[in-house]
Amino acid sequence: MESSNFIESIINEELESGKVSEVITRFPPEPNGYLHVGHSKSLCINFGIKEKYNGKCNLRFDDTNPTKEDVEYVESIKEDIKWLGFSWDQELYASDYFPKMFEHAVELIKKGLAFVCDMTAEEISATRGTLTQPGTESPWRNRSIEENLQLFYDMRDGKFADGTKVLRAKIDMASPNINMRDPVIYRVLRAHHHRTGDTWCIYPMYDFAHPISDAIEGITHSICTLEFEDHRPLYDWVKINCGYVPGPRQIEFARLNLTRTIMSKRYLKKLVEEGVVDGWNDPRMPTLSGMRERGYPADAIKDFCSRIGVAKANSEVDAALLEHCVRENLNQNATRVMVVKDPLKVVIDNYDGKEDCQIPNNPTKEDAGVHTCTFSKEIYIEKSDFAEVPPPKFFRLKPGGMVRLKGAYIVEYLSHGVEDGETVVHVKMIEDSKEGGANAGIKVKGTIHWVDAKDCVPCEVDEFDYLLDDLNDGRDFSLRLVKDSKTVYPNAKAESFMKGAPKYSSYQFMRNGYYVVSGKSTEEKPVYYQIVGLKDSYKK
């Protein structure tokens with residue numbers, strides 16, 4: 001089978017050689033936060049391999065750290081994966097294997113490959129050594145097997161306080177790989193687990209739990225991000241010494257980094273807890289739930305992951321590429337409508353009628369059809385589309401000027417002033433200037449959108465900026481936060497076609513961008529979130 005990246009080349013070689021007969025991958029999130037766009041790359045790789053090779057992919061929660069994990073995160077992760085269109089073969093948890101992991105730890109002690117250490121985390125770190133200097137052996141490294149077994153059982157039985165004892169693998173304190181210098185594989189931790197309750201007061205470390213979980217499930221290819229490359233020797237050491245040979249193969253790929261985007265669950269959680277954003281699904285958040293709330297199509301995210309490819313070296317991707325993929329998708333699928341964000345009333349003095357104007361639903365599709373909107377004497381236009389003292393090259397409504405109303409007539413400025421506390425512009429309509437009319441060919445340089453003042457939908461429009469500024473100069477994320485990353489237009493007006501639009505349906509607001517009907521919309525007051533603007537800043 002043809003490969004499209006180096007991971008698939010490895011899989012093809014192993015299938016052809018007979019080393020593996022079925023491809024089984026897994027997606028192993030820790031349920032300590034919501035998935036973000038960076039996880040979408042791993043999702044697309046692991047589930048994409050399943051689909052390409054007619055294999056399997058498990059969803060396994062790495063729930064070995066109960067102090068940070070919650071059922072809320074478990075459910076959100078499952079919802080996000082389904083939204084992207086992926087389905088897992090088995091839903092599993094590392095905690096399913098706690099009894100087996102404990103047995104393997106006992107086996108390592110009996111083999112003389114693990115020992116109970118009384119050093120604190122700080123002391124262990126201080127004796128780890130450096131890249132050029134070997135570490136210092138623990139004074140408890142040569143405890144007898146019998147003593148280590150008894151102490152480990154006592155750890156399990158809750159006889160020691162948190163942080164007073166750990167179980168360490170006995171490998172090599174002079175190893176050039178610091179991860180192999182007698183790493184901790186179990187620690188005492190009294191914390192209520194969301195699945196096992198208070199059954200355990202000791203928990204395995206990730207580097208011990210992960211290879212065992214992979215091996216038990218029969219995973220053939222354990223695909224992870226590049227920061228785990230230095231952990232691969234430990235992954236293999238655990239696998240071999242716990243009896244899983246040949247067992248899974250770990251393969252690392254470059255993680256996804258996006259400009260102006262926070263890709264750390266720790267920082268994202270901080271934004272939520274400090275109220276900088278309105279929860280994990282705030283439309284400004286790079287979480288998958290935030291992107292879903294903002295109206296990003298799932299197919300656009302998968303298209304983005306396909307375009308950036310799978311590499312062996314870390315790099316940073318321009319966030320504009322993701323927006324480009326979203327924009328391309330919506331351009332093909334979104335219905336065009338007229339919405340005025342910041343309304344200015346316009347009165348057409350020489351018109352007292354009422355008629356329907358036809359608006360094409362989507363010019364990119366021949367069969368998309370049209371919808372109608374009402375046109376009458378009073379309409380709303382954007383305040384920015386009128387200038388009493390216009391700047392150079394201002395081709396919208398201005399004193400002495402004319403402008404075309406999208407799908408309707410050309411109007412000419414007459415006057416403006418304050419009426420009943422609001423600014424009102426008076427214009428006259430050019431007869432027969434509607435499309436197909438005798439005066440439709442009159443040359444005007446500007447065409448603007450509008451809505452009928454008597455037949456429109458009062459609504460709110462929310463627009464968003466990036467959470468981070470574009471100065472990637474090494475400062476902490478908290479110093480790069482954009483203070484005004486959300487703009488609200490509370491008095492917007494939408495054409496009547498938008499009345500009753502279903503939540504999470506997407507539209508192109510003419511001349512403004514792409515928007516989605518927010519999940520917080522009500523029948524009385526719809527709320528629209530900006531998905532992405534019309535202007536494409538991505539440079540290929």
# chains A, B, ... in the order shown; residues from 1 in each chain; ligands from 1
call {"tool": "residues_around", "arguments": {"residues": "Ile262 (chain A)", "least_positions_apart": "3", "cutoff": "9 Å", "atoms": "only C-alpha atoms", "output": "PyMOL selection string"}}
result
chain A and resi 257-259+265+267-268+285-286+467-468+477
call {"tool": "write_last_selection", "arguments": {"atoms": "N, CA and C atoms", "output": "short mmCIF file (atom, residue, chain, number, x, y, z; two decimals), in the first residue's frame"}}
result
data_model
loop_
_atom_site.label_atom_id
_atom_site.label_comp_id
_atom_site.auth_asym_id
_atom_site.auth_seq_id
_atom_site.Cartn_x
_atom_site.Cartn_y
_atom_site.Cartn_z
N ASN A 257 2.25 22.81 16.51
CA ASN A 257 2.37 24.11 17.14
C ASN A 257 1.82 25.16 16.19
N LEU A 258 0.92 26.01 16.70
CA LEU A 258 0.29 27.04 15.88
C LEU A 258 0.69 28.43 16.38
N THR A 259 0.92 29.35 15.45
CA THR A 259 1.20 30.72 15.85
C THR A 259 0.02 31.29 16.62
N LYS A 265 -2.48 22.48 27.98
CA LYS A 265 -3.69 22.32 28.77
C LYS A 265 -3.57 23.05 30.12
N TYR A 267 -2.02 25.91 30.75
CA TYR A 267 -2.31 27.33 30.56
C TYR A 267 -3.78 27.54 30.20
N LEU A 268 -4.33 26.64 29.39
CA LEU A 268 -5.75 26.77 29.03
C LEU A 268 -6.63 26.65 30.26
N MET A 285 -11.12 29.90 22.51
CA MET A 285 -10.24 28.84 22.95
C MET A 285 -9.87 27.92 21.79
N PRO A 286 -8.63 27.42 21.77
CA PRO A 286 -8.22 26.47 20.72
C PRO A 286 -8.65 25.04 21.01
N LEU A 467 -6.22 35.02 21.21
CA LEU A 467 -5.95 35.25 22.63
C LEU A 467 -4.55 35.80 22.85
N LEU A 468 -3.62 35.48 21.93
CA LEU A 468 -2.24 35.92 22.07
C LEU A 468 -1.89 36.95 21.01
N PHE A 477 2.94 33.33 28.35
CA PHE A 477 1.63 33.51 27.72
C PHE A 477 0.82 34.61 28.42
#
call {"tool": "residues_around", "arguments": {"residues": "Ala126 (chain A)", "least_positions_apart": "6", "cutoff": "10 Å", "atoms": "only C-alpha atoms", "output": "PyMOL selection string"}}
result
chain A and resi 120+135-136
call {"tool": "residues_around", "arguments": {"residues": "Ser485 (chain A)", "least_positions_apart": "6", "cutoff": "9 Å", "atoms": "only C-alpha atoms", "output": "ChimeraX atom specification"}}
result
/A:284,463-468
call {"tool": "select_by_dssp", "arguments": {"residues": "region 22-99 of chain A", "states": "strand (DSSP E)", "output": "PDB file with C-alpha atoms, in the first residue's frame"}}
result
ATOM      1  CA  ILE A  24      -3.828  -1.605  16.024  1.00  0.00           C
ATOM      2  CA  THR A  25      -3.312   1.941  17.305  1.00  0.00           C
ATOM      3  CA  ARG A  26      -4.701   3.910  20.206  1.00  0.00           C
ATOM      4  CA  PHE A  27      -5.477   7.480  21.192  1.00  0.00           C
ATOM      5  CA  LYS A  56      -8.411  -0.931  14.962  1.00  0.00           C
ATOM      6  CA  CYS A  57      -7.960   2.094  17.182  1.00  0.00           C
ATOM      7  CA  ASN A  58      -8.754   2.122  20.889  1.00  0.00           C
ATOM      8  CA  LEU A  59      -9.639   5.126  22.996  1.00  0.00           C
ATOM      9  CA  ARG A  60      -7.686   4.655  26.199  1.00  0.00           C
ATOM     10  CA  PHE A  61      -7.769   7.226  28.964  1.00  0.00           C
ATOM     11  CA  GLU A  91     -13.123   2.413  25.309  1.00  0.00           C
ATOM     12  CA  LEU A  92     -10.451   1.538  27.842  1.00  0.00           C
ATOM     13  CA  TYR A  93      -8.710   3.070  30.855  1.00  0.00           C
TER      14      TYR A  93
END
call {"tool": "residues_around", "arguments": {"residues": "Lys454 (chain A)", "least_positions_apart": "6", "cutoff": "9 Å", "atoms": "only C-alpha atoms", "output": "MDAnalysis selection string"}}
result
chainID A and resid 374 376 378:379
call {"tool": "residues_around", "arguments": {"residues": "Asn512 (chain A)", "least_positions_apart": "6", "cutoff": "10 Å", "atoms": "only C-alpha atoms", "output": "PDB file with all heavy atoms, in the first residue's frame"}}
result
ATOM      1  N   MET A 338     -27.762  38.791   4.689  1.00  0.00           N
ATOM      2  CA  MET A 338     -27.387  40.157   5.042  1.00  0.00           C
ATOM      3  C   MET A 338     -27.690  40.404   6.512  1.00  0.00           C
ATOM      4  O   MET A 338     -28.805  40.188   6.969  1.00  0.00           O
ATOM      5  CB  MET A 338     -28.134  41.157   4.153  1.00  0.00           C
ATOM      6  CG  MET A 338     -27.714  41.075   2.686  1.00  0.00           C
ATOM      7  SD  MET A 338     -28.315  42.437   1.671  1.00  0.00           S
ATOM      8  CE  MET A 338     -30.084  42.109   1.639  1.00  0.00           C
ATOM      9  N   VAL A 339     -26.661  40.828   7.238  1.00  0.00           N
ATOM     10  CA  VAL A 339     -26.790  41.168   8.651  1.00  0.00           C
ATOM     11  C   VAL A 339     -26.048  42.479   8.874  1.00  0.00           C
ATOM     12  O   VAL A 339     -24.897  42.631   8.460  1.00  0.00           O
ATOM     13  CB  VAL A 339     -26.202  40.071   9.559  1.00  0.00           C
ATOM     14  CG1 VAL A 339     -26.268  40.496  11.024  1.00  0.00           C
ATOM     15  CG2 VAL A 339     -26.928  38.743   9.353  1.00  0.00           C
ATOM     16  N   VAL A 340     -26.697  43.425   9.520  1.00  0.00           N
ATOM     17  CA  VAL A 340     -26.091  44.719   9.834  1.00  0.00           C
ATOM     18  C   VAL A 340     -25.670  44.692  11.299  1.00  0.00           C
ATOM     19  O   VAL A 340     -26.512  44.584  12.190  1.00  0.00           O
ATOM     20  CB  VAL A 340     -27.077  45.864   9.558  1.00  0.00           C
ATOM     21  CG1 VAL A 340     -26.490  47.187  10.023  1.00  0.00           C
ATOM     22  CG2 VAL A 340     -27.429  45.913   8.076  1.00  0.00           C
ATOM     23  N   LYS A 341     -24.372  44.770  11.558  1.00  0.00           N
ATOM     24  CA  LYS A 341     -23.859  44.655  12.923  1.00  0.00           C
ATOM     25  C   LYS A 341     -24.103  45.917  13.748  1.00  0.00           C
ATOM     26  O   LYS A 341     -24.473  45.848  14.919  1.00  0.00           O
ATOM     27  CB  LYS A 341     -22.356  44.353  12.887  1.00  0.00           C
ATOM     28  CG  LYS A 341     -21.986  43.041  12.224  1.00  0.00           C
ATOM     29  CD  LYS A 341     -20.506  42.754  12.350  1.00  0.00           C
ATOM     30  CE  LYS A 341     -19.659  43.802  11.651  1.00  0.00           C
ATOM     31  NZ  LYS A 341     -18.208  43.491  11.721  1.00  0.00           N
ATOM     32  N   HIS A 449     -24.624  46.139   1.861  1.00  0.00           N
ATOM     33  CA  HIS A 449     -25.725  45.293   2.321  1.00  0.00           C
ATOM     34  C   HIS A 449     -26.638  46.110   3.230  1.00  0.00           C
ATOM     35  O   HIS A 449     -26.284  47.194   3.687  1.00  0.00           O
ATOM     36  CB  HIS A 449     -25.194  44.046   3.035  1.00  0.00           C
ATOM     37  CG  HIS A 449     -24.409  44.345   4.284  1.00  0.00           C
ATOM     38  ND1 HIS A 449     -23.108  44.813   4.264  1.00  0.00           N
ATOM     39  CD2 HIS A 449     -24.754  44.250   5.599  1.00  0.00           C
ATOM     40  CE1 HIS A 449     -22.677  44.975   5.500  1.00  0.00           C
ATOM     41  NE2 HIS A 449     -23.654  44.647   6.340  1.00  0.00           N
ATOM     42  N   GLN A 530     -18.755  35.027  15.173  1.00  0.00           N
ATOM     43  CA  GLN A 530     -17.891  35.063  13.994  1.00  0.00           C
ATOM     44  C   GLN A 530     -17.020  33.807  13.957  1.00  0.00           C
ATOM     45  O   GLN A 530     -16.366  33.462  14.939  1.00  0.00           O
ATOM     46  CB  GLN A 530     -16.993  36.298  14.041  1.00  0.00           C
ATOM     47  CG  GLN A 530     -16.047  36.418  12.857  1.00  0.00           C
ATOM     48  CD  GLN A 530     -14.953  37.432  13.110  1.00  0.00           C
ATOM     49  OE1 GLN A 530     -14.311  37.422  14.156  1.00  0.00           O
ATOM     50  NE2 GLN A 530     -14.755  38.331  12.163  1.00  0.00           N
ATOM     51  N   VAL A 532     -14.862  33.110  11.017  1.00  0.00           N
ATOM     52  CA  VAL A 532     -13.644  33.603  10.381  1.00  0.00           C
ATOM     53  C   VAL A 532     -14.035  34.724   9.431  1.00  0.00           C
ATOM     54  O   VAL A 532     -15.152  34.746   8.910  1.00  0.00           O
ATOM     55  CB  VAL A 532     -12.929  32.451   9.635  1.00  0.00           C
ATOM     56  CG1 VAL A 532     -13.736  31.972   8.446  1.00  0.00           C
ATOM     57  CG2 VAL A 532     -11.528  32.839   9.214  1.00  0.00           C
ATOM     58  N   GLY A 533     -13.144  35.673   9.233  1.00  0.00           N
ATOM     59  CA  GLY A 533     -13.432  36.778   8.333  1.00  0.00           C
ATOM     60  C   GLY A 533     -13.349  36.378   6.876  1.00  0.00           C
ATOM     61  O   GLY A 533     -12.917  35.269   6.528  1.00  0.00           O
ATOM     62  N   LEU A 534     -13.735  37.292   5.998  1.00  0.00           N
ATOM     63  CA  LEU A 534     -13.682  37.009   4.558  1.00  0.00           C
ATOM     64  C   LEU A 534     -12.268  37.081   4.015  1.00  0.00           C
ATOM     65  O   LEU A 534     -11.909  36.343   3.098  1.00  0.00           O
ATOM     66  CB  LEU A 534     -14.563  38.008   3.795  1.00  0.00           C
ATOM     67  CG  LEU A 534     -16.076  37.840   3.922  1.00  0.00           C
ATOM     68  CD1 LEU A 534     -16.778  38.952   3.155  1.00  0.00           C
ATOM     69  CD2 LEU A 534     -16.515  36.473   3.389  1.00  0.00           C
ATOM     70  N   LYS A 535     -11.451  37.959   4.591  1.00  0.00           N
ATOM     71  CA  LYS A 535     -10.113  38.172   4.058  1.00  0.00           C
ATOM     72  C   LYS A 535      -9.199  37.027   4.434  1.00  0.00           C
ATOM     73  O   LYS A 535      -9.104  36.640   5.592  1.00  0.00           O
ATOM     74  CB  LYS A 535      -9.539  39.495   4.572  1.00  0.00           C
ATOM     75  CG  LYS A 535      -8.203  39.866   3.947  1.00  0.00           C
ATOM     76  CD  LYS A 535      -7.731  41.228   4.449  1.00  0.00           C
ATOM     77  CE  LYS A 535      -6.381  41.595   3.830  1.00  0.00           C
ATOM     78  NZ  LYS A 535      -5.886  42.907   4.319  1.00  0.00           N
TER      79      LYS A 535
END
call {"tool": "atom_distance", "arguments": {"atom1": "CA of Pro29 (chain A)", "atom2": "CA of Ser315 (chain A)"}}
result
22.2 Å
call {"tool": "closest_residue", "arguments": {"among": "A:Ile124, A:Met402, A:Ile348, A:Ala114", "to": "Ser144 (chain A)", "atoms": "only C-alpha atoms"}}
result
A:Ala114
call {"tool": "residues_around", "arguments": {"residues": "region 324-332 of chain A", "least_positions_apart": "2", "cutoff": "7 Å", "atoms": "only C-alpha atoms", "output": "ChimeraX atom specification"}}
result
/A:296-297,300,303-304,320-322,334,364,532,536,538
call {"tool": "write_last_selection", "arguments": {"atoms": "N, CA, C and O atoms", "output": "PDB file, in the first residue's frame"}}
result
ATOM      1  N   TYR A 296     -16.384  26.122  13.595  1.00  0.00           N
ATOM      2  CA  TYR A 296     -15.412  25.497  12.700  1.00  0.00           C
ATOM      3  C   TYR A 296     -15.969  24.148  12.225  1.00  0.00           C
ATOM      4  O   TYR A 296     -16.349  23.320  13.047  1.00  0.00           O
ATOM      5  N   PRO A 297     -16.008  23.903  10.918  1.00  0.00           N
ATOM      6  CA  PRO A 297     -16.454  22.583  10.451  1.00  0.00           C
ATOM      7  C   PRO A 297     -15.421  21.507  10.800  1.00  0.00           C
ATOM      8  O   PRO A 297     -14.202  21.733  10.642  1.00  0.00           O
ATOM      9  N   ALA A 300     -13.068  20.720   8.044  1.00  0.00           N
ATOM     10  CA  ALA A 300     -12.016  21.709   7.799  1.00  0.00           C
ATOM     11  C   ALA A 300     -10.808  21.444   8.692  1.00  0.00           C
ATOM     12  O   ALA A 300      -9.655  21.631   8.270  1.00  0.00           O
ATOM     13  N   ASP A 303      -9.042  18.527   7.204  1.00  0.00           N
ATOM     14  CA  ASP A 303      -8.353  18.990   5.995  1.00  0.00           C
ATOM     15  C   ASP A 303      -7.053  19.693   6.377  1.00  0.00           C
ATOM     16  O   ASP A 303      -6.003  19.478   5.752  1.00  0.00           O
ATOM     17  N   PHE A 304      -7.104  20.509   7.412  1.00  0.00           N
ATOM     18  CA  PHE A 304      -5.920  21.210   7.903  1.00  0.00           C
ATOM     19  C   PHE A 304      -4.848  20.214   8.337  1.00  0.00           C
ATOM     20  O   PHE A 304      -3.671  20.353   7.979  1.00  0.00           O
ATOM     21  N   ALA A 320      -3.057  31.040  10.219  1.00  0.00           N
ATOM     22  CA  ALA A 320      -3.837  31.471   9.058  1.00  0.00           C
ATOM     23  C   ALA A 320      -4.150  30.302   8.127  1.00  0.00           C
ATOM     24  O   ALA A 320      -5.136  30.352   7.387  1.00  0.00           O
ATOM     25  N   LEU A 321      -3.335  29.249   8.163  1.00  0.00           N
ATOM     26  CA  LEU A 321      -3.624  28.072   7.331  1.00  0.00           C
ATOM     27  C   LEU A 321      -4.888  27.374   7.816  1.00  0.00           C
ATOM     28  O   LEU A 321      -5.716  26.934   7.012  1.00  0.00           O
ATOM     29  N   LEU A 322      -5.055  27.267   9.131  1.00  0.00           N
ATOM     30  CA  LEU A 322      -6.281  26.668   9.669  1.00  0.00           C
ATOM     31  C   LEU A 322      -7.484  27.505   9.258  1.00  0.00           C
ATOM     32  O   LEU A 322      -8.507  26.966   8.805  1.00  0.00           O
ATOM     33  N   ALA A 334     -21.696  27.573   2.974  1.00  0.00           N
ATOM     34  CA  ALA A 334     -22.484  28.516   3.769  1.00  0.00           C
ATOM     35  C   ALA A 334     -23.435  29.339   2.908  1.00  0.00           C
ATOM     36  O   ALA A 334     -23.069  29.833   1.839  1.00  0.00           O
ATOM     37  N   THR A 364     -21.368  29.965  -5.446  1.00  0.00           N
ATOM     38  CA  THR A 364     -20.434  28.918  -5.877  1.00  0.00           C
ATOM     39  C   THR A 364     -21.160  27.648  -6.303  1.00  0.00           C
ATOM     40  O   THR A 364     -20.542  26.740  -6.854  1.00  0.00           O
ATOM     41  N   VAL A 532     -14.862  33.110  11.017  1.00  0.00           N
ATOM     42  CA  VAL A 532     -13.644  33.603  10.381  1.00  0.00           C
ATOM     43  C   VAL A 532     -14.035  34.724   9.431  1.00  0.00           C
ATOM     44  O   VAL A 532     -15.152  34.746   8.910  1.00  0.00           O
ATOM     45  N   ASP A 536      -8.505  36.497   3.463  1.00  0.00           N
ATOM     46  CA  ASP A 536      -7.593  35.371   3.676  1.00  0.00           C
ATOM     47  C   ASP A 536      -6.174  35.899   3.790  1.00  0.00           C
ATOM     48  O   ASP A 536      -5.629  36.444   2.832  1.00  0.00           O
ATOM     49  N   TYR A 538      -3.589  33.946   4.654  1.00  0.00           N
ATOM     50  CA  TYR A 538      -2.619  32.859   4.521  1.00  0.00           C
ATOM     51  C   TYR A 538      -1.802  33.015   3.252  1.00  0.00           C
ATOM     52  O   TYR A 538      -2.342  33.205   2.162  1.00  0.00           O
TER      53      TYR A 538
END
call {"tool": "atom_distance", "arguments": {"atom1": "CA of Gly369 (chain A)", "atom2": "CA of Thr335 (chain A)"}}
result
9.9 Å
call {"tool": "closest_residue", "arguments": {"among": "A:Lys445, A:Val451, A:Tyr351, A:Ser76", "to": "Thr372 (chain A)", "atoms": "only C-alpha atoms"}}
result
A:Val451
call {"tool": "closest_residue", "arguments": {"among": "A:Val425, A:Val337, A:Leu414, A:Met173", "to": "Ala494 (chain A)", "atoms": "only C-alpha atoms"}}
result
A:Val337
call {"tool": "select_by_dssp", "arguments": {"residues": "region 414-516 of chain A", "states": "alpha helix (DSSP H)", "output": "list of chain:residue names"}}
result
A:Phe477, A:Ser478, A:Leu479, A:Arg480
call {"tool": "atom_distance", "arguments": {"atom1": "CA of Gly33 (chain A)", "atom2": "CA of Asp63 (chain A)"}}
result
11.8 Å
call {"tool": "closest_residue", "arguments": {"among": "A:Asp96, A:Thr220, A:Val116, A:Val184", "to": "Leu15 (chain A)", "atoms": "only C-alpha atoms"}}
result
A:Thr220
call {"tool": "closest_residue", "arguments": {"among": "A:Tyr244, A:Trp280, A:Phe386, A:Phe102", "to": "Glu293 (chain A)", "atoms": "only C-alpha atoms"}}
result
A:Trp280
